[in-house]
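**Student:** Just one file: query26.cif, with mmCIF, C-alpha atoms.
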data_protein
#
loop_
_atom_site.label_atom_id
_atom_site.label_comp_id
_atom_site.auth_asym_id
_atom_site.auth_seq_id
_atom_site.Cartn_x
_atom_site.Cartn_y
_atom_site.Cartn_z
CA MET A 12 -91.89 62.02 -69.92
CA THR A 13 -91.26 58.96 -72.03
CA SER A 14 -92.55 55.45 -72.35
CA VAL A 15 -89.17 54.12 -73.40
CA THR A 16 -87.90 51.37 -71.12
CA TRP A 17 -85.19 53.59 -69.73
CA SER A 18 -87.51 55.97 -67.93
CA GLU A 19 -86.64 54.19 -64.69
CA PRO A 20 -82.85 54.53 -65.00
CA LEU A 21 -83.39 58.10 -66.21
CA ALA A 22 -85.19 58.81 -62.94
CA GLY A 23 -82.41 57.10 -61.01
CA SER A 24 -79.63 58.98 -62.74
CA ALA A 25 -81.29 62.42 -62.59
CA THR A 26 -82.59 62.26 -59.04
CA GLY A 27 -79.34 60.72 -57.80
CA GLY A 28 -77.44 63.71 -59.11
CA GLY A 29 -79.97 66.15 -57.73
CA SER A 30 -79.83 64.54 -54.29
CA ILE A 31 -76.07 64.92 -54.18
CA LEU A 32 -76.31 68.61 -54.94
CA ARG A 33 -78.91 68.99 -52.20
CA TRP A 34 -76.49 67.13 -49.95
CA PHE A 35 -73.73 69.58 -50.75
CA GLY A 36 -76.04 72.45 -49.93
CA LEU A 37 -76.69 70.83 -46.57
CA LEU A 38 -72.96 70.53 -46.01
CA THR A 39 -72.51 74.21 -46.73
CA ARG A 40 -75.19 75.19 -44.24
CA TRP A 41 -73.56 72.93 -41.65
CA PHE A 42 -70.26 74.76 -42.02
CA ARG A 43 -72.09 77.99 -41.53
CA GLY A 44 -73.86 76.67 -38.44
CA VAL A 45 -77.32 77.27 -39.84
CA LEU A 46 -78.65 73.73 -39.86
CA SER A 47 -81.78 72.88 -37.96
CA PRO A 48 -81.22 70.34 -35.14
CA ASN A 49 -82.99 67.55 -37.00
CA GLU A 50 -80.68 68.02 -39.99
CA VAL A 51 -77.46 67.53 -38.01
CA PRO A 52 -77.67 63.69 -37.82
CA ARG A 53 -77.95 63.61 -41.61
CA VAL A 54 -74.69 65.53 -41.92
CA GLU A 55 -72.99 63.11 -39.56
CA LEU A 56 -74.15 60.26 -41.79
CA MET A 57 -72.93 62.19 -44.81
CA LYS A 58 -69.45 62.48 -43.36
CA VAL A 59 -69.24 58.72 -43.01
CA ARG A 60 -70.59 58.07 -46.50
CA ALA A 61 -68.35 60.72 -48.04
CA HIS A 62 -65.33 59.09 -46.41
CA VAL A 63 -66.22 55.58 -47.55
CA LEU A 64 -67.10 56.60 -51.09
CA GLY A 65 -65.03 59.71 -51.65
CA ALA A 66 -61.68 58.95 -50.03
CA PRO A 67 -60.78 56.12 -52.47
CA VAL A 68 -61.50 58.44 -55.39
CA LEU A 69 -59.15 61.10 -54.04
CA ALA A 70 -56.37 58.51 -53.69
CA ALA A 71 -55.99 58.36 -57.49
CA ALA A 72 -52.48 58.95 -58.83
CA SER A 73 -53.47 59.77 -62.42
CA ARG A 74 -56.48 60.88 -64.39
CA THR A 75 -56.94 57.41 -65.86
CA GLU A 76 -56.91 55.92 -62.40
CA LEU A 77 -59.29 58.65 -61.22
CA VAL A 78 -61.92 57.60 -63.76
CA ASP A 79 -61.42 53.95 -62.76
CA ARG A 80 -61.87 54.85 -59.10
CA VAL A 81 -65.01 56.86 -59.83
CA ASP A 82 -66.48 53.87 -61.67
CA ALA A 83 -65.48 51.56 -58.83
CA VAL A 84 -67.78 53.56 -56.54
CA LEU A 85 -70.66 52.64 -58.84
CA GLU A 86 -70.06 49.02 -57.91
CA ASN A 87 -70.09 49.79 -54.18
CA PRO A 88 -73.46 48.86 -52.64
CA GLU A 89 -73.08 51.82 -50.30
CA PHE A 90 -73.45 54.15 -53.25
CA SER A 91 -76.85 52.88 -54.27
CA GLU A 92 -77.80 52.79 -50.60
CA LEU A 93 -76.77 56.44 -50.31
CA MET A 94 -78.89 57.38 -53.33
CA ARG A 95 -81.91 55.80 -51.68
CA GLU A 96 -81.19 57.58 -48.38
CA LEU A 97 -80.88 60.95 -50.07
CA ALA A 98 -83.89 60.59 -52.36
CA PRO A 99 -86.33 62.03 -49.78
CA MET A 100 -84.30 65.25 -49.80
CA LEU A 101 -85.81 65.98 -53.19
CA THR A 102 -89.38 65.44 -52.09
CA ALA A 103 -89.35 66.66 -48.48
CA ASP A 104 -90.40 70.15 -49.53
CA ALA A 105 -92.00 71.42 -52.69
CA PHE A 106 -89.24 70.91 -55.21
CA VAL A 107 -87.84 74.09 -56.73
CA SER A 108 -84.42 73.31 -58.04
CA VAL A 109 -81.02 71.88 -57.29
CA ALA A 110 -78.08 74.13 -57.84
CA ILE A 111 -74.61 74.84 -56.59
CA SER A 112 -74.88 78.09 -54.70
CA ALA A 113 -72.27 80.79 -54.27
CA GLU A 114 -71.88 79.58 -50.68
CA ASP A 115 -71.25 76.04 -51.91
CA LEU A 116 -68.56 77.30 -54.27
CA ALA A 117 -66.97 79.27 -51.44
CA GLU A 118 -66.62 75.99 -49.49
CA MET A 119 -65.10 74.27 -52.53
CA GLU A 120 -62.48 76.88 -53.32
CA PRO A 121 -60.08 76.12 -50.43
CA VAL A 122 -59.88 72.49 -51.54
CA LEU A 123 -60.09 72.87 -55.32
CA GLY A 124 -58.43 76.21 -55.89
CA ALA A 125 -59.91 79.13 -57.79
CA ALA A 126 -59.49 77.84 -61.33
CA SER A 127 -61.10 74.44 -60.75
CA THR A 128 -63.89 75.98 -58.69
CA ALA A 129 -64.59 78.35 -61.58
CA ILE A 130 -65.05 75.36 -63.88
CA ILE A 131 -67.67 73.97 -61.54
CA ALA A 132 -69.34 77.37 -61.26
CA ARG A 133 -69.75 77.45 -65.03
CA THR A 134 -71.76 74.21 -64.98
CA ALA A 135 -74.75 76.12 -63.56
CA PRO A 136 -76.74 75.93 -66.83
CA LEU A 137 -76.27 72.16 -66.84
CA THR A 138 -77.50 71.75 -63.29
CA ASP A 139 -80.50 73.86 -64.33
CA VAL A 140 -81.19 71.18 -66.93
CA CYS A 141 -80.94 68.53 -64.21
CA SER A 142 -83.38 70.55 -62.07
CA GLY A 143 -85.83 70.70 -64.94
CA VAL A 144 -85.70 66.95 -65.43
CA ILE A 145 -86.21 66.27 -61.73
CA ALA A 146 -89.14 68.69 -61.56
CA HIS A 147 -90.67 67.00 -64.58
CA LEU A 148 -90.19 63.52 -63.12
CA LEU A 149 -91.61 64.49 -59.73
CA ALA A 150 -94.60 66.18 -61.34
CA ALA A 151 -95.22 62.98 -63.30
CA GLY A 152 -95.39 61.04 -60.05
CA THR A 153 -91.89 59.57 -59.88
CA LYS A 154 -90.93 58.62 -56.34
CA PRO A 155 -87.12 58.45 -56.24
CA GLU A 156 -87.09 56.62 -52.92
CA GLU A 157 -89.14 53.82 -54.50
CA LEU A 158 -86.80 53.13 -57.39
CA PRO A 159 -85.76 49.48 -57.32
CA ALA A 160 -82.38 48.94 -55.74
CA ASP A 161 -81.07 47.13 -58.81
CA TRP A 162 -82.05 49.71 -61.42
CA TYR A 163 -78.42 50.45 -62.20
CA ASP A 164 -77.50 46.84 -62.96
CA ARG A 165 -80.65 46.31 -64.97
CA MET A 166 -79.85 49.39 -67.03
CA LEU A 167 -76.23 48.40 -67.59
CA PHE A 168 -77.00 44.86 -68.71
CA ASP A 169 -80.15 45.61 -70.69
CA PRO A 170 -79.40 44.51 -74.27
CA GLY A 171 -82.38 46.52 -75.48
CA LEU A 172 -80.95 49.83 -74.32
CA HIS A 173 -78.62 51.64 -76.72
CA SER A 174 -75.05 52.08 -75.50
CA THR A 175 -75.27 55.84 -76.06
CA ILE A 176 -78.19 56.09 -73.66
CA LYS A 177 -76.38 53.90 -71.14
CA ARG A 178 -73.33 56.13 -71.42
CA SER A 179 -75.41 59.24 -70.72
CA LEU A 180 -77.12 57.65 -67.73
CA LEU A 181 -73.74 56.55 -66.43
CA ALA A 182 -72.51 60.12 -66.85
CA GLY A 183 -75.11 61.46 -64.40
CA LEU A 184 -73.93 59.00 -61.77
CA ARG A 185 -70.27 59.78 -62.38
CA ALA A 186 -70.91 63.47 -61.85
CA SER A 187 -72.58 62.60 -58.54
CA ILE A 188 -69.60 60.57 -57.42
CA VAL A 189 -67.19 63.38 -58.25
CA MET A 190 -69.29 65.70 -56.08
CA ILE A 191 -69.21 63.16 -53.24
CA ALA A 192 -65.42 63.06 -53.50
CA ILE A 193 -65.24 66.85 -53.43
CA SER A 194 -67.50 66.93 -50.39
CA HIS A 195 -65.14 64.53 -48.60
CA ALA A 196 -62.25 66.88 -49.31
CA VAL A 197 -64.33 69.75 -47.95
CA PHE A 198 -65.18 67.79 -44.80
CA GLN A 199 -61.46 67.08 -44.32
CA ALA A 200 -60.39 70.61 -45.27
CA GLN A 201 -58.05 68.77 -47.64
CA ARG A 202 -56.39 70.95 -50.24
CA LEU A 203 -56.17 68.81 -53.34
CA GLU A 204 -53.21 68.69 -55.69
CA PRO A 205 -53.85 71.00 -58.63
CA TRP A 206 -53.92 68.20 -61.22
CA LEU A 207 -56.49 66.27 -59.14
CA ALA A 208 -58.67 69.31 -58.52
CA LEU A 209 -58.62 70.16 -62.22
CA ALA A 210 -59.36 66.56 -63.25
CA LEU A 211 -62.31 66.37 -60.84
CA ALA A 212 -63.75 69.65 -62.11
CA GLU A 213 -63.29 68.72 -65.75
CA ILE A 214 -64.75 65.25 -65.31
CA TYR A 215 -67.70 66.76 -63.43
CA ARG A 216 -68.34 69.21 -66.26
CA GLU A 217 -67.91 66.60 -69.02
CA GLU A 218 -70.13 64.00 -67.38
CA LEU A 219 -72.79 66.57 -66.53
CA TYR A 220 -72.77 67.68 -70.16
CA MET A 221 -73.12 64.10 -71.37
CA SER A 222 -76.13 63.50 -69.12
CA ALA A 223 -77.69 66.83 -70.13
CA ARG A 224 -77.43 65.76 -73.79
CA LEU A 225 -79.82 62.93 -72.98
CA TYR A 226 -82.18 65.11 -70.94
CA ALA A 227 -82.34 67.61 -73.81
CA SER A 228 -83.20 64.85 -76.26
CA VAL A 229 -86.30 63.45 -74.58
CA PRO A 230 -89.32 64.37 -76.72
CA GLY A 231 -92.02 66.20 -74.83
CA GLY A 232 -89.62 66.65 -71.95
CA ILE A 233 -88.08 69.83 -70.65
CA ASP A 234 -87.14 72.85 -72.70
CA VAL A 235 -83.35 73.08 -72.91
CA PRO A 236 -81.89 76.16 -74.62
CA GLU A 237 -79.69 75.51 -77.63
CA SER A 238 -77.09 77.69 -75.97
CA VAL A 239 -76.76 74.97 -73.32
CA ILE A 240 -77.07 71.87 -75.51
CA PRO A 241 -76.78 72.60 -79.26
CA LEU A 242 -79.08 70.67 -81.56
CA GLN A 243 -76.17 68.72 -83.03
CA ASP A 244 -75.35 67.37 -79.58
CA ARG A 245 -78.84 65.99 -78.97
CA PHE A 246 -79.75 62.39 -79.63
CA ASP A 247 -82.33 61.03 -82.01
CA LEU A 248 -83.75 58.60 -79.49
CA ASP A 249 -86.13 56.95 -81.93
CA ARG A 250 -83.25 56.21 -84.28
CA LEU A 251 -81.12 54.83 -81.45
CA GLN A 252 -83.96 52.61 -80.27
CA ALA A 253 -84.58 51.33 -83.80
CA GLU A 254 -80.87 50.70 -84.18
CA VAL A 255 -80.56 48.57 -81.08
CA GLU A 256 -83.74 46.63 -81.87
CA ALA A 257 -82.41 45.85 -85.34
CA LYS A 258 -79.06 44.73 -83.98
CA GLU A 259 -80.69 42.66 -81.25
CA PHE A 260 -82.84 40.94 -83.87
CA LEU A 261 -79.77 40.35 -86.02
CA TRP A 262 -77.72 38.82 -83.23
CA ASN A 263 -80.65 36.69 -82.02
CA SER A 264 -81.08 35.40 -85.56
CA VAL A 265 -77.37 34.63 -85.84
CA ALA A 266 -77.48 32.85 -82.48
CA GLU A 267 -80.39 30.72 -83.67
CA LEU A 268 -78.62 29.77 -86.86
CA ALA A 269 -75.28 29.28 -85.15
CA GLY A 270 -76.04 25.94 -83.63
CA ASP A 271 -73.93 25.08 -80.62
CA GLU A 272 -71.22 27.62 -81.22
CA LEU A 273 -70.14 30.22 -83.71
CA SER A 274 -66.89 32.10 -83.50
CA LEU A 275 -66.28 35.01 -85.84
CA CYS A 276 -62.76 36.29 -86.41
CA GLU A 277 -61.98 39.61 -88.05
CA VAL A 278 -58.44 39.99 -86.68
CA ALA A 279 -56.53 36.90 -85.64
CA ASP A 280 -54.02 36.74 -82.83
CA ASP A 281 -50.48 37.11 -84.18
CA ASP A 282 -48.94 35.41 -81.14
CA MET B 8 -90.73 35.33 -65.14
CA LEU B 9 -90.74 36.65 -68.66
CA THR B 10 -91.38 40.35 -68.87
CA HIS B 11 -91.04 41.06 -72.56
CA ALA B 12 -94.78 40.73 -73.17
CA ALA B 13 -97.49 43.15 -72.11
CA ALA B 14 -98.01 41.21 -68.88
CA PRO B 15 -95.54 39.04 -67.00
CA MET B 16 -95.72 35.40 -68.08
CA PRO B 17 -94.35 32.36 -66.30
CA GLY B 18 -91.56 30.68 -68.21
CA GLU B 19 -88.72 28.23 -67.75
CA LEU B 20 -85.06 28.85 -68.46
CA VAL B 21 -83.99 26.11 -70.86
CA ARG B 22 -80.91 27.42 -72.55
CA VAL B 23 -78.89 30.59 -72.37
CA LYS B 24 -76.63 31.72 -75.16
CA ILE B 25 -74.07 34.40 -74.79
CA LEU B 26 -72.63 36.91 -77.22
CA ALA B 27 -69.05 37.55 -76.23
CA PRO B 28 -66.62 39.90 -77.95
CA TRP B 29 -63.13 38.47 -77.54
CA GLY B 30 -59.81 40.25 -77.47
CA THR B 31 -56.51 39.73 -79.25
CA GLY B 32 -53.01 41.05 -78.84
CA THR B 33 -52.90 42.07 -82.50
CA PHE B 34 -53.28 45.78 -83.05
CA ARG B 35 -54.87 47.03 -86.27
CA PRO B 36 -55.47 50.74 -85.65
CA GLU B 37 -57.26 51.19 -88.96
CA LYS B 38 -60.03 48.97 -87.65
CA HIS B 39 -60.60 51.20 -84.60
CA PRO B 40 -60.59 48.54 -81.92
CA VAL B 41 -61.57 48.94 -78.29
CA THR B 42 -58.22 48.64 -76.53
CA VAL B 43 -57.78 47.62 -72.91
CA GLU B 44 -54.49 48.28 -71.13
CA PRO B 45 -53.35 45.77 -68.50
CA ARG B 46 -52.83 48.05 -65.52
CA THR B 47 -56.28 49.55 -65.51
CA ALA B 48 -59.49 48.48 -63.78
CA ALA B 49 -60.70 46.96 -67.05
CA GLY B 50 -57.37 45.19 -67.57
CA VAL B 51 -57.47 43.74 -64.07
CA ALA B 52 -61.07 42.62 -64.56
CA LEU B 53 -60.12 40.83 -67.78
CA GLY B 54 -56.99 39.37 -66.22
CA ILE B 55 -54.77 40.53 -69.08
CA GLU B 56 -51.03 41.11 -69.02
CA LYS B 57 -50.62 42.99 -72.29
CA PRO B 58 -52.72 45.48 -74.30
CA THR B 59 -55.73 43.65 -75.66
CA HIS B 60 -57.79 44.77 -78.62
CA PHE B 61 -61.43 44.03 -79.35
CA TYR B 62 -62.69 44.21 -82.93
CA ARG B 63 -66.25 44.38 -84.21
CA GLY B 64 -65.90 41.09 -86.02
CA ASN B 65 -64.25 39.11 -83.21
CA VAL B 66 -67.26 37.64 -81.52
CA THR B 67 -68.26 34.23 -80.22
CA ILE B 68 -71.80 33.00 -79.72
CA CYS B 69 -72.09 29.91 -77.58
CA ASP B 70 -73.92 28.32 -74.69
CA ALA B 71 -73.44 30.19 -71.44
CA ALA B 72 -72.25 26.93 -69.90
CA ARG B 73 -69.17 27.11 -72.16
CA ALA B 74 -68.05 30.37 -70.60
CA GLN B 75 -65.80 30.27 -67.57
CA ARG B 76 -66.87 32.91 -65.09
CA THR B 77 -64.03 34.79 -63.42
CA GLY B 78 -66.07 36.27 -60.60
CA ARG B 79 -64.89 39.74 -61.62
CA ARG B 80 -67.25 42.39 -62.93
CA CYS B 81 -66.61 44.21 -66.15
CA PRO B 82 -66.24 47.95 -65.47
CA PRO B 83 -69.20 49.88 -66.85
CA GLU B 84 -67.18 51.91 -69.34
CA LEU B 85 -65.75 48.80 -70.99
CA LEU B 86 -69.11 47.04 -70.98
CA ILE B 87 -70.71 49.99 -72.74
CA ARG B 88 -67.86 50.34 -75.25
CA LEU B 89 -67.98 46.63 -76.12
CA SER B 90 -71.75 46.81 -76.45
CA ALA B 91 -71.34 49.71 -78.85
CA LEU B 92 -68.69 47.76 -80.74
CA VAL B 93 -71.15 44.98 -81.57
CA GLY B 94 -73.88 47.49 -82.28
CA LEU B 95 -75.95 47.21 -79.13
#
In structure tokens, how does this file's structure come out?
**Tutor:**
Amino acid sequence: MTSVTWSEPLAGSATGGGSILRWFGLLTRWFRGVLSPNEVPRVELMKVRAHVLGAPVLAAASRTELVDRVDAVLENPEFSELMRELAPMLTADAFVSVAISAEDLAEMEPVLGAASTAIIARTAPLTDVCSGVIAHLLAAGTKPEELPADWYDRMLFDPGLHSTIKRSLLAGLRASIVMIAISHAVFQAQRLEPWLALALAEIYREELYMSARLYASVPGGIDVPESVIPLQDRFDLDRLQAEVEAKEFLWNSVAELAGDELSLCEVADDD
Amino acid sequence: MLTHAAAPMPGELVRVKILAPWGTGTFRPEKHPVTVEPRTAAGVALGIEKPTHFYRGNVTICDAARAQRTGRRCPPELLIRLSALVGL
């Protein structure tokens, strides 16, 4: 798909999101009593993981705090562990797609309410984009379960990766965490306060859109309709890469010339 | 192990320099700073008690040994916004 250094975090972000949607589909089948016996233990594990990761998110008292709590899950080692556990769900059978089904939405509505569930329903074209990326990655030989455990940290602290790309990769993970939180509410049959349900749905949609912008921008990647991601919302990845390389060179040069220490001050402290 | 070349090469860490944007309590909205509020995850991570503003030109480059580690991680959103602020 791309030889840019972020192909690994791209795989992590895309397959992580896809795994979570597969997970939710499993949850839905469990509620309907149509799981095969060997799938039941996985659901029991899911309940535990959803509680550990999702319950703190749902304890938010404001939208600002909600975003903070979602990001805090990223720092929880159980989250990356969960991604690795779920990765085989994408490769167990011939991969077709990941999507939120009508049955999944029916399970969400009692906890989210109709309006917020409708927002999630309308993200279907974006999850189609995610499916396309996963299919492309799997066809190219990516093995999600073999991604290094520290790919997230390496992506986040890579000075050679443009902040816009990092932001889009982060967005895919945030959308996954929101879905984990929703699944916890579904497990608990917990009707969420309207503001929280709306915030979760909106954040899910916004973060999914942000990650789809990146997927639609990869040259030689998947075909994403302009109706889903307009051309003006796609990234010029070559320009971004050139930008960060130029800035990295600049700062390295400044550091070399700086001697022991250099402190630049554009706005001084008034205090 | 250095991995920037085509093949991994053995190397030795001699000196590490850091590039650190630093914050101030002075607010200049026309300069579009990255602002961190105290009672947020980012504010707690930074250990601030008042709104703190980061500007593109407020940067220190120094030896890593000069930096005092707090043991707290910078939330990803703030890390990315500060990276964007300095053009990375």
**Student:** Applied to the shown file, which residues does the PyMOL selection byres ((chain B) within 7 of (chain A)) return, written as a list in words?
**Tutor:** Thr31, Gly32, Thr33, Ala48, Tyr62, Gly64, Asn65, Val66, Thr67, Ile68, Cys69, Asp70, Ile87, Ser90, Ala91, Gly94 and Leu95 of chain B
**Student:** With C-alpha atoms kept, could you save the residues just selected as a compact mmCIF listing (two decimals), in the frame of the given file?
**Tutor:**
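For reference, out.txt as written:
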# COMPACT_ATOMS: atom_id res chain seq x y z
CA THR B 31 -56.51 39.73 -79.25
CA GLY B 32 -53.01 41.05 -78.84
CA THR B 33 -52.90 42.07 -82.50
CA ALA B 48 -59.49 48.48 -63.78
CA TYR B 62 -62.69 44.21 -82.93
CA GLY B 64 -65.90 41.09 -86.02
CA ASN B 65 -64.25 39.11 -83.21
CA VAL B 66 -67.26 37.64 -81.52
CA THR B 67 -68.26 34.23 -80.22
CA ILE B 68 -71.80 33.00 -79.72
CA CYS B 69 -72.09 29.91 -77.58
CA ASP B 70 -73.92 28.32 -74.69
CA ILE B 87 -70.71 49.99 -72.74
CA SER B 90 -71.75 46.81 -76.45
CA ALA B 91 -71.34 49.71 -78.85
CA GLY B 94 -73.88 47.49 -82.28
CA LEU B 95 -75.95 47.21 -79.13
**Student:** Leu184 (chain A): which residues within 12 Å, counting only C-alpha atoms, same-chain residues fewer than 3 positions away excluded, as JSON, numbers by chain?
**Tutor:** {"A": [20, 21, 22, 23, 24, 25, 26, 27, 28, 29, 30, 31, 81, 82, 83, 84, 85, 86, 90, 91, 94, 163, 177, 178, 179, 180, 181, 187, 188, 189, 190, 191, 214, 215, 218, 219, 221, 222], "B": [83]}
**Student:** List the spatial neighbours of Cys81 (chain B) as number ranges by chain - criterion: any atom at most 7 Å away, all atoms listed in the file, same-chain residues fewer than 3 positions off excluded.
**Tutor:** B: 49, 52, 85-86
**Student:** Work out how far apart CA of Trp41 (chain A) and CA of Gln201 (chain A) are and give it in Å to one decimal.
**Tutor:**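 Computing the Euclidean distance for CA of Trp41 (chain A) and CA of Gln201 (chain A) yields 17.1 Å.
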**Student:** If the PyMOL selection byres ((chain A and resi 211) around 12) were run on this exact file, what residues would it hold? Put them as a PyMOL selection string.
**Tutor:** chain A and resi 65+68-69+71+73-78+80-81+119+122-124+126-128+130-131+185-194+196+203-210+212-219
**Student:** Could you jot down the CA of Leu37 (chain A) to CA of Pro236 (chain A) separation for me, Å, one decimal place?
**Tutor:** 29.0 Å
**Student:** Here's the selection I'm unsure about, the PyMOL selection byres ((chain A and resi 45-55) around 12); applied to the file above, which residues does it give, as a PDB file with C-alpha atoms, in the coordinates of the input?
**Tutor:**
ATOM      1  CA  ARG A  33     -78.910  68.990 -52.200  1.00  0.00           C
ATOM      2  CA  TRP A  34     -76.490  67.130 -49.950  1.00  0.00           C
ATOM      3  CA  PHE A  35     -73.730  69.580 -50.750  1.00  0.00           C
ATOM      4  CA  GLY A  36     -76.040  72.450 -49.930  1.00  0.00           C
ATOM      5  CA  LEU A  37     -76.690  70.830 -46.570  1.00  0.00           C
ATOM      6  CA  LEU A  38     -72.960  70.530 -46.010  1.00  0.00           C
ATOM      7  CA  THR A  39     -72.510  74.210 -46.730  1.00  0.00           C
ATOM      8  CA  ARG A  40     -75.190  75.190 -44.240  1.00  0.00           C
ATOM      9  CA  TRP A  41     -73.560  72.930 -41.650  1.00  0.00           C
ATOM     10  CA  PHE A  42     -70.260  74.760 -42.020  1.00  0.00           C
ATOM     11  CA  ARG A  43     -72.090  77.990 -41.530  1.00  0.00           C
ATOM     12  CA  GLY A  44     -73.860  76.670 -38.440  1.00  0.00           C
ATOM     13  CA  LEU A  56     -74.150  60.260 -41.790  1.00  0.00           C
ATOM     14  CA  MET A  57     -72.930  62.190 -44.810  1.00  0.00           C
ATOM     15  CA  LYS A  58     -69.450  62.480 -43.360  1.00  0.00           C
ATOM     16  CA  VAL A  59     -69.240  58.720 -43.010  1.00  0.00           C
ATOM     17  CA  ARG A  60     -70.590  58.070 -46.500  1.00  0.00           C
ATOM     18  CA  ALA A  61     -68.350  60.720 -48.040  1.00  0.00           C
ATOM     19  CA  HIS A  62     -65.330  59.090 -46.410  1.00  0.00           C
ATOM     20  CA  LEU A  93     -76.770  56.440 -50.310  1.00  0.00           C
ATOM     21  CA  GLU A  96     -81.190  57.580 -48.380  1.00  0.00           C
ATOM     22  CA  LEU A  97     -80.880  60.950 -50.070  1.00  0.00           C
ATOM     23  CA  PRO A  99     -86.330  62.030 -49.780  1.00  0.00           C
ATOM     24  CA  MET A 100     -84.300  65.250 -49.800  1.00  0.00           C
ATOM     25  CA  SER A 194     -67.500  66.930 -50.390  1.00  0.00           C
ATOM     26  CA  HIS A 195     -65.140  64.530 -48.600  1.00  0.00           C
ATOM     27  CA  PHE A 198     -65.180  67.790 -44.800  1.00  0.00           C
TER      28      PHE A 198
END
**Student:** Kindly provide, as a list in words, the polymer residues lying within 8 Å of (-60.2, 45.4, -81.0), counting all atoms listed in the file and using the coordinates exactly as they appear in the file.
**Tutor:**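 The distance filter leaves exactly Gly30, Thr31, Phe34, Arg35, Lys38, His39, Pro40, Val41, Thr42, Thr59, His60, Phe61, Tyr62, Arg63 and Asn65 of chain B.
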**Student:** Taking 2 positions as the minimum chain separation for residues in the same chain, which residues sit within 9 Å of Leu53 (chain B) when counting only C-alpha atoms? Answer as number ranges by chain.
**Tutor:** B: 43, 45, 48-51, 55, 77, 79-81
**Student:** Suppose you want the space between CA of Ala182 (chain A) and CA of Gly143 (chain A); what is it in Å?
**Tutor:** 17.1 Å
